[in-house]
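Participant: This is the content of entry.txt (compact mmCIF, C-alpha atoms):
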# COMPACT_ATOMS: atom_id res chain seq x y z
CA MET A 1 25.12 -4.42 -9.59
CA THR A 2 27.68 -5.70 -7.06
CA PRO A 3 29.18 -8.99 -8.29
CA VAL A 4 27.77 -11.97 -6.41
CA ASP A 5 30.19 -14.41 -4.76
CA GLU A 6 29.27 -17.68 -6.48
CA ASP A 7 29.99 -19.77 -3.38
CA ARG A 8 27.66 -17.75 -1.22
CA LEU A 9 24.13 -19.12 -0.94
CA THR A 10 22.54 -16.30 1.06
CA ASP A 11 22.89 -12.53 1.09
CA TYR A 12 21.85 -10.48 4.09
CA SER A 13 22.55 -6.83 4.84
CA GLU A 14 24.38 -5.90 8.06
CA ASP A 15 21.04 -5.18 9.70
CA GLY A 16 19.69 -8.63 8.81
CA VAL A 17 17.56 -7.86 5.76
CA ASP A 18 17.32 -10.64 3.15
CA LEU A 19 18.66 -8.95 0.01
CA THR A 20 17.75 -11.90 -2.23
CA LEU A 21 14.09 -11.35 -1.38
CA ILE A 22 14.39 -7.66 -2.29
CA ARG A 23 16.11 -8.50 -5.59
CA TRP A 24 13.40 -11.02 -6.40
CA MET A 25 10.67 -8.40 -5.71
CA LEU A 26 12.53 -5.86 -7.84
CA SER A 27 12.65 -8.36 -10.71
CA LEU A 28 8.84 -8.26 -10.82
CA SER A 29 6.66 -5.55 -12.36
CA PRO A 30 4.48 -3.46 -9.98
CA ALA A 31 1.42 -5.40 -11.16
CA GLU A 32 3.16 -8.69 -10.35
CA ARG A 33 4.20 -7.35 -6.93
CA LEU A 34 0.57 -6.51 -6.22
CA GLN A 35 -0.45 -10.05 -7.25
CA VAL A 36 2.15 -11.53 -4.86
CA LEU A 37 0.80 -9.37 -2.03
CA GLU A 38 -2.82 -10.32 -2.83
CA GLN A 39 -1.91 -14.00 -2.85
CA HIS A 40 0.01 -13.81 0.44
CA VAL A 41 -2.73 -11.93 2.23
CA ASP A 42 -5.43 -14.29 0.90
CA ASP A 43 -3.40 -17.30 1.98
CA ILE A 44 -2.77 -15.88 5.45
CA LEU A 45 -6.45 -15.03 5.92
CA ARG A 46 -7.45 -18.52 4.73
CA ILE A 47 -5.08 -20.15 7.23
CA ARG A 48 -6.37 -17.89 10.01
CA GLU A 49 -9.93 -18.89 9.16
CA LEU A 50 -9.04 -22.60 9.14
CA ASN A 51 -7.57 -22.25 12.61
CA ALA A 52 -10.14 -19.89 14.11
CA GLY A 53 -11.26 -21.10 17.53
CA LYS A 54 -8.55 -23.80 17.71
CA ARG A 55 -6.28 -21.78 20.00
CA MET B 1 -5.46 -14.67 -16.48
CA PRO B 2 -5.61 -14.64 -12.64
CA GLU B 3 -8.82 -13.52 -10.97
CA LYS B 4 -8.74 -9.84 -10.02
CA GLY B 5 -7.79 -9.59 -6.33
CA ARG B 6 -9.42 -7.41 -3.69
CA PHE B 7 -6.62 -4.84 -3.57
CA LEU B 8 -6.70 -4.42 -7.31
CA ARG B 9 -10.50 -4.14 -7.28
CA THR B 10 -10.26 -1.32 -4.71
CA LEU B 11 -7.69 0.55 -6.77
CA CYS B 12 -9.70 0.02 -9.97
CA ALA B 13 -12.87 1.35 -8.34
CA LEU B 14 -11.09 4.56 -7.30
CA HIS B 15 -9.31 4.88 -10.64
CA ASP B 16 -12.30 4.08 -12.88
CA ASP B 17 -14.45 6.78 -11.28
CA GLY B 18 -11.71 9.37 -11.67
CA VAL B 19 -10.78 9.85 -8.01
CA ASP B 20 -7.49 11.72 -7.51
CA PHE B 21 -5.46 9.71 -5.00
CA ILE B 22 -1.94 8.53 -4.19
CA VAL B 23 -1.22 5.06 -2.83
CA VAL B 24 0.86 5.34 0.34
CA GLY B 25 1.80 3.09 3.29
CA GLY B 26 2.55 -0.61 3.03
CA MET B 27 1.00 -1.05 -0.39
CA ALA B 28 3.15 1.75 -1.80
CA ALA B 29 6.19 0.02 -0.30
CA VAL B 30 5.23 -3.26 -1.99
CA LEU B 31 4.62 -1.56 -5.34
CA ASP B 32 8.00 0.14 -4.93
CA GLY B 33 9.50 -3.36 -4.54
CA ALA B 34 9.80 -3.89 -0.78
CA PRO B 35 9.09 -7.48 0.34
CA ILE B 36 6.62 -6.71 3.13
CA ASN B 37 2.99 -7.59 3.84
CA THR B 38 0.04 -5.34 4.45
CA PHE B 39 -3.65 -5.98 4.94
CA ASP B 40 -5.14 -2.67 3.89
CA VAL B 41 -5.07 -0.09 1.12
CA ASP B 42 -3.85 3.33 2.31
CA VAL B 43 -4.43 6.32 0.06
CA VAL B 44 -4.12 10.09 0.37
CA HIS B 45 -6.96 11.71 -1.57
CA SER B 46 -7.30 15.18 -3.00
CA ARG B 47 -9.60 17.15 -0.72
CA ASN B 48 -11.08 19.47 -3.30
CA GLU B 49 -14.88 19.53 -3.47
CA LYS B 50 -15.17 17.80 -6.84
CA ASN B 51 -12.90 14.95 -5.80
CA ILE B 52 -14.72 14.46 -2.50
CA ASP B 53 -18.04 14.19 -4.37
CA CYS B 54 -16.47 11.65 -6.68
CA LEU B 55 -14.98 9.71 -3.78
CA LEU B 56 -18.30 9.60 -1.91
CA LYS B 57 -19.95 7.94 -4.94
CA VAL B 58 -17.21 5.30 -5.10
CA LEU B 59 -17.46 4.67 -1.36
CA GLU B 60 -21.19 4.13 -1.67
CA ALA B 61 -20.65 1.62 -4.49
CA LEU B 62 -18.01 -0.12 -2.36
CA ASP B 63 -20.41 -0.17 0.63
CA ALA B 64 -17.75 1.53 2.77
CA VAL B 65 -18.40 1.98 6.50
CA TYR B 66 -16.16 2.79 9.46
CA ARG B 67 -14.55 -0.44 10.57
CA ILE B 68 -14.33 0.46 14.27
CA GLN B 69 -18.00 -0.54 14.66
CA PRO B 70 -19.01 -2.06 11.33
CA GLU B 71 -22.36 -3.22 12.72
CA ARG B 72 -23.43 0.44 13.13
CA ARG B 73 -22.74 0.99 9.44
CA ILE B 74 -21.55 4.56 9.85
CA ARG B 75 -20.65 6.01 6.45
CA PRO B 76 -18.08 8.75 5.90
CA ASN B 77 -19.46 12.09 4.75
CA ALA B 78 -18.02 15.06 2.88
CA SER B 79 -16.78 16.82 6.02
CA HIS B 80 -14.95 13.66 7.16
CA LEU B 81 -13.21 13.43 3.79
CA ALA B 82 -12.36 17.15 3.81
CA SER B 83 -10.50 16.80 7.10
CA ALA B 84 -6.75 16.25 7.48
CA GLY B 85 -7.36 13.07 9.46
CA GLY B 86 -7.74 9.45 8.48
CA GLN B 87 -10.90 7.45 7.80
CA ASN B 88 -10.47 3.74 8.60
CA LEU B 89 -13.08 2.02 6.49
CA ILE B 90 -14.14 -1.49 5.58
CA THR B 91 -15.48 -2.03 2.08
CA ARG B 92 -16.80 -5.00 0.10
CA TYR B 93 -13.16 -5.58 -0.93
CA GLY B 94 -11.58 -5.20 2.52
CA PRO B 95 -9.98 -2.46 4.63
CA LEU B 96 -9.42 0.95 3.05
CA ASP B 97 -7.79 3.90 4.82
CA LEU B 98 -8.47 7.33 3.34
CA LEU B 99 -5.97 9.86 4.62
CA GLY B 100 -6.33 13.62 4.31
CA THR B 101 -2.65 14.08 5.17
CA ILE B 102 0.33 12.00 6.24
CA GLY B 103 3.62 12.79 7.98
CA ARG B 104 4.05 16.47 8.75
CA ASN B 105 0.67 17.49 7.41
CA LEU B 106 1.42 16.55 3.81
CA GLY B 107 -1.66 16.45 1.60
CA TYR B 108 -2.31 15.22 -1.94
CA GLU B 109 -0.83 18.29 -3.65
CA ASP B 110 2.31 18.15 -1.47
CA LEU B 111 2.85 14.47 -2.25
CA LEU B 112 2.09 14.64 -5.97
CA PRO B 113 5.69 15.61 -6.96
CA HIS B 114 6.92 12.64 -4.90
CA SER B 115 4.67 10.08 -6.57
CA VAL B 116 5.25 7.89 -9.59
CA GLU B 117 2.64 6.42 -11.89
CA MET B 118 2.56 2.61 -11.99
CA GLU B 119 0.46 0.07 -13.81
CA VAL B 120 -1.14 -2.21 -11.22
CA GLY B 121 -2.94 -4.52 -13.65
CA GLU B 122 -5.38 -4.46 -16.56
CA GLY B 123 -3.86 -1.24 -17.84
CA VAL B 124 -4.84 0.68 -14.70
CA LEU B 125 -2.34 3.41 -13.83
CA VAL B 126 -2.24 4.74 -10.28
CA LYS B 127 -0.02 7.23 -8.50
CA VAL B 128 2.22 5.65 -5.88
CA LEU B 129 4.35 7.47 -3.28
CA ASP B 130 8.04 6.99 -4.06
CA LEU B 131 10.22 4.98 -1.72
CA GLU B 132 12.47 7.90 -0.75
CA THR B 133 9.52 9.94 0.52
CA LEU B 134 7.95 6.93 2.23
CA ILE B 135 11.18 6.38 4.16
CA ILE B 136 11.46 10.06 5.15
CA ILE B 137 7.87 10.08 6.41
CA LYS B 138 8.33 6.88 8.40
CA GLU B 139 11.56 8.25 9.91
CA GLU B 140 9.76 11.42 10.95
CA LEU B 141 6.84 9.50 12.46
CA GLY B 142 9.29 7.37 14.44
CA GLY B 143 6.63 5.02 15.83
CA GLU B 144 7.52 1.44 16.68
CA LYS B 145 5.51 0.10 13.71
CA ASP B 146 7.22 2.53 11.34
CA ARG B 147 10.71 1.87 12.72
CA ALA B 148 10.22 -1.88 12.36
CA VAL B 149 9.82 -1.71 8.59
CA LEU B 150 12.54 0.89 7.94
CA PRO B 151 15.49 -1.53 7.48
CA VAL B 152 13.65 -3.35 4.66
CA LEU B 153 12.65 -0.07 3.01
CA ARG B 154 16.18 1.35 3.22
CA ARG B 155 17.79 -1.78 1.81
CA THR B 156 15.18 -1.88 -0.97
CA LEU B 157 16.05 1.69 -1.90
CA GLU B 158 19.76 0.81 -1.95
CA GLU B 159 19.11 -2.21 -4.17
CA ARG B 160 16.96 -0.11 -6.50
CA ARG B 161 19.74 2.44 -6.84
CA ARG B 162 22.36 -0.27 -7.33
CA ALA B 163 20.25 -1.80 -10.09
CA GLY B 164 19.56 1.61 -11.61
CA ILE B 165 15.78 1.28 -11.15
Output the structure of this file as structure tokens.

Facilitator:
Amino acid sequence: MTPVDEDRLTDYSEDGVDLTLIRWMLSLSPAERLQVLEQHVDDILRIRELNAGKR
Amino acid sequence: MPEKGRFLRTLCALHDDGVDFIVVGGMAAVLDGAPINTFDVDVVHSRNEKNIDCLLKVLEALDAVYRIQPERRIRPNASHLASAGGQNLITRYGPLDLLGTIGRNLGYEDLLPHSVEMEVGEGVLVKVLDLETLIIIKEELGGEKDRAVLPVLRRTLEERRRAGI
């Protein structure tokens, strides 16, 4: 792993990708990654439903 | 223990009935560690006769119909599943895309050497397209939707290599 500059609070690639988010995902097992995806999608669909017909 | 989600239920249904398939698309990217979202399950299935029979039984149990006009309740048949094209279905657990081939006409047998087995929960092991191949296919397709996700996939691959994963 590349050493992390301790004063730096964010880490983006040159093309703007959040590398901290990638490292966090890679710290999870595939089953945990699937759970994160399930939760995100369920939350997004719930919010969409709550706001259906309001816009 | 968290309640089993819809994606996992879909994968379990295919796995438990012995369907030969490889997870591809956005879900493969997530399982490979890319922080992206997707709303459907994309799989490439083996198109041999036995597997298609098996798949049809699972699709019936999942109440799968084409999602373009769900009210007509059109069900996929064996000849649909034997084709190289894609079947965009809606099931009791949400959208499911069954793909005969992806990229430059790559079918199940072509993709098998480029897949890795992963546990997705409850001891269920499924084959997932590896990130390198997913990137190559998206680069070849070159569509706007595919290009948009490529930076995240490429950086994820770099981070995986850096971490020795």

Participant: Show me a table, sorted first by chain and then by increasing residue number, of the residues of chain B having an atom at most 7 Å from chain A, each with its shortest atom pair and the distance in Å to one decimal, counting all atoms listed in the file and written as a Markdown table.

Facilitator:
| residue | atom | partner | partner_atom | distance |
| --- | --- | --- | --- | --- |
| B:Gly5 | CA | A:Glu38 | CA | 6.1 |
| B:Phe7 | CA | A:Glu38 | CA | 6.7 |
| B:Val30 | CA | A:Arg33 | CA | 6.5 |
| B:Leu31 | CA | A:Pro30 | CA | 5.0 |
| B:Gly33 | CA | A:Leu26 | CA | 5.1 |
| B:Ala34 | CA | A:Ile22 | CA | 6.1 |
| B:Pro35 | CA | A:Ile22 | CA | 5.9 |
| B:Asn37 | CA | A:Leu37 | CA | 6.5 |
| B:Phe39 | CA | A:Val41 | CA | 6.6 |
| B:Met118 | CA | A:Pro30 | CA | 6.7 |
| B:Glu119 | CA | A:Ala31 | CA | 6.2 |
| B:Val120 | CA | A:Ala31 | CA | 4.1 |
| B:Gly121 | CA | A:Ala31 | CA | 5.1 |
| B:Pro151 | CA | A:Val17 | CA | 6.9 |
| B:Val152 | CA | A:Val17 | CA | 6.1 |
| B:Thr156 | CA | A:Ile22 | CA | 6.0 |
| B:Arg162 | CA | A:Met1 | CA | 5.5 |
| B:Ala163 | CA | A:Met1 | CA | 5.6 |

Participant: Quick check, in Å to one decimal: how far apart do atom CA of B:Pro95 and atom CA of B:Asp32 lie?

Facilitator: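 That distance, rounded to one decimal, is 20.5 Å.
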
Participant: Do a neighbour search on stretch 80-86 of chain B at 8 Å with only C-alpha atoms, toss out local chain neighbours closer than 3 positions, and write the hits as a ChimeraX atom specification.

Facilitator: /B:47-48,52,76-77,97-101,105,107

Participant: Could you check which of B:Asp110, B:Gly123, B:Ser79, B:Gly103 is closest to B:Leu141, using only C-alpha atoms?

Facilitator: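 Counting only C-alpha atoms, the residue closest to B:Leu141 is B:Gly103.
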
Participant: Take atom CA of B:Arg160 and atom CA of B:Leu96 and report the distance between them in Å, one decimal.

Facilitator: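 Separation of atom CA of B:Arg160 and atom CA of B:Leu96: 28.1 Å.
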
Participant: Which is closest to B:Leu129 among B:Arg9, B:His114, B:Lys4, B:Lys57, if we use only C-alpha atoms?

Facilitator: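 Ranked by minimum distance to B:Leu129, first place goes to B:His114.
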